[in-house]
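Presented below is the structure to which this report refers.
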Amino acid sequence: MGKDKVVIAVVTTIVFSGILFGILMAYTTYYSPMKVYSIEDTVSMLKSNLDEDDRFKMYQLYVFNELSRSCKMRDKETGEIRKFTKSEMDEFYTTIGGKEAVIKYLTNIKDEKEKRQELEYACYELKIISSEELNEIWNNR
Amino acid sequence: MKKIYFILRYFIYYIIGLISFSTIAFISQRIMLAILLENVIDPRQDLYNLLNYALSFGPYYLIAYSILYFIIVYCVRKYDRYIVNKLNEKLKKLKIDNKKNSFGGNING
């Protein structure tokens, strides 16, 4: 009877510890600094304003969304960490033109096949628009 | 020989526990991440990237489980000693009671 109790206690401890540790790891991963090859290059990419290339805004918004979780970047080579202030983050968002700029670009695509591909790419790969927004843009064509 | 068997038994327990702990932690982590990212869990994709996950998260699981395992072993041994001491005390008491009874029997008899 005593041995059974010990086994149950040990198994329960392992199961609950595993669940808790998994949750902890998920939060750590989610809020950890964004790993980049070069902080300066990524910052200049976020600040660049290419008016003629609207598709580029999708990537900018994707990187911005990744960065906005922790507001920190970590250099893969040197291990240097840089924290961004709220004003810097706002500046990036303004340069990109926000989500509206991406939605505008997606709405203005003329070719239906290309539009579908871009919408799916933005929604399922880059995750910068929700599935509701995808349906809305697709239905309003 | 007895010592080797003892170590082997503890090692097997450690491995079984490590596999169970890592599996549970990994599933819980994927579910939590999917909730945070508002993402869909794709088991095929996860299986494809299993080696990458094992390499990036494996050491953390190993460290966490090793600490947990030693705590469990320590607690179980403490509990074992506590149970043995409790049983010994009960046995002592029983022996004393038996002695008293036998003396009492002689006096009365």
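Please note that chains go A, B, ... in the order of the structure tokens, that every chain numbers its residues from 1, and that ligands are numbered from 1 in the order shown.
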request  = Output as a list of chain:residue names all residues of chain A that backbone DSSP marks as strand (DSSP E or B).
outcome  = A:Met34, A:Lys35, A:Val36, A:Lys72, A:Met73, A:Arg74, A:Asp75, A:Ile81, A:Arg82, A:Lys83
request  = Pull out every residue of chain A sitting within 10 Å of chain B, counting only C-alpha atoms, and send them as a ChimeraX atom specification.
outcome  = /A:2-3,6-7,9-11,13-27,29-30,124,127,130
message = With only C-alpha atoms as the counted atoms, please give the residues lying no more than 10 Å from A:Val43, apart from itself and same-chain residues fewer than 4 positions off, as a ChimeraX atom specification.
response = /A:38-39,47-48,63-64,73,92
Keeping C-alpha atoms for every residue in the selection just given, could you write it to a file as a PDB file, in the first residue's frame?
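Saved result, part38.pdb, follows:
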ATOM      1  CA  SER A  38      22.775  41.682 -37.646  1.00  0.00           C
ATOM      2  CA  ILE A  39      20.888  44.141 -35.454  1.00  0.00           C
ATOM      3  CA  LYS A  47      13.206  51.728 -41.177  1.00  0.00           C
ATOM      4  CA  SER A  48      13.520  51.524 -44.962  1.00  0.00           C
ATOM      5  CA  VAL A  63       9.512  41.192 -38.462  1.00  0.00           C
ATOM      6  CA  PHE A  64       7.814  43.987 -36.519  1.00  0.00           C
ATOM      7  CA  MET A  73      16.853  41.906 -30.581  1.00  0.00           C
ATOM      8  CA  PHE A  92       8.914  51.326 -37.124  1.00  0.00           C
TER       9      PHE A  92
END
ask   = Got a sec: who's within 8 Å of A:Ile96, counting only C-alpha atoms, leaving out chain neighbours fewer than 2 positions off, as a PyMOL selection string?
value = chain A and resi 46-47+49+57+60-61+92-94+98+101
query = Please, which residues of chain A, numbered as in this document, come out alpha helix (DSSP H) from DSSP, as a ChimeraX atom specification?
reply = /A:2-31,39-47,55-70,86-96,98-107,112-120,131-139
query = Which is closer to A:Lys72 than all the others in A:Glu114, A:Glu125, A:Glu88, A:Asp4, using only C-alpha atoms?
reply = A:Glu88
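Our summary of the geometry notes that atom CA of A:Arg69 is positioned 21.2 Å from atom CA of A:Tyr121.
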message = With only C-alpha atoms as the counted atoms, please give the residues lying no more than 10 Å from A:Ser68, apart from itself and same-chain residues fewer than 3 positions off, as number ranges by chain.
response = A: 31, 33-34, 62-65, 71-72, 84, 86, 89
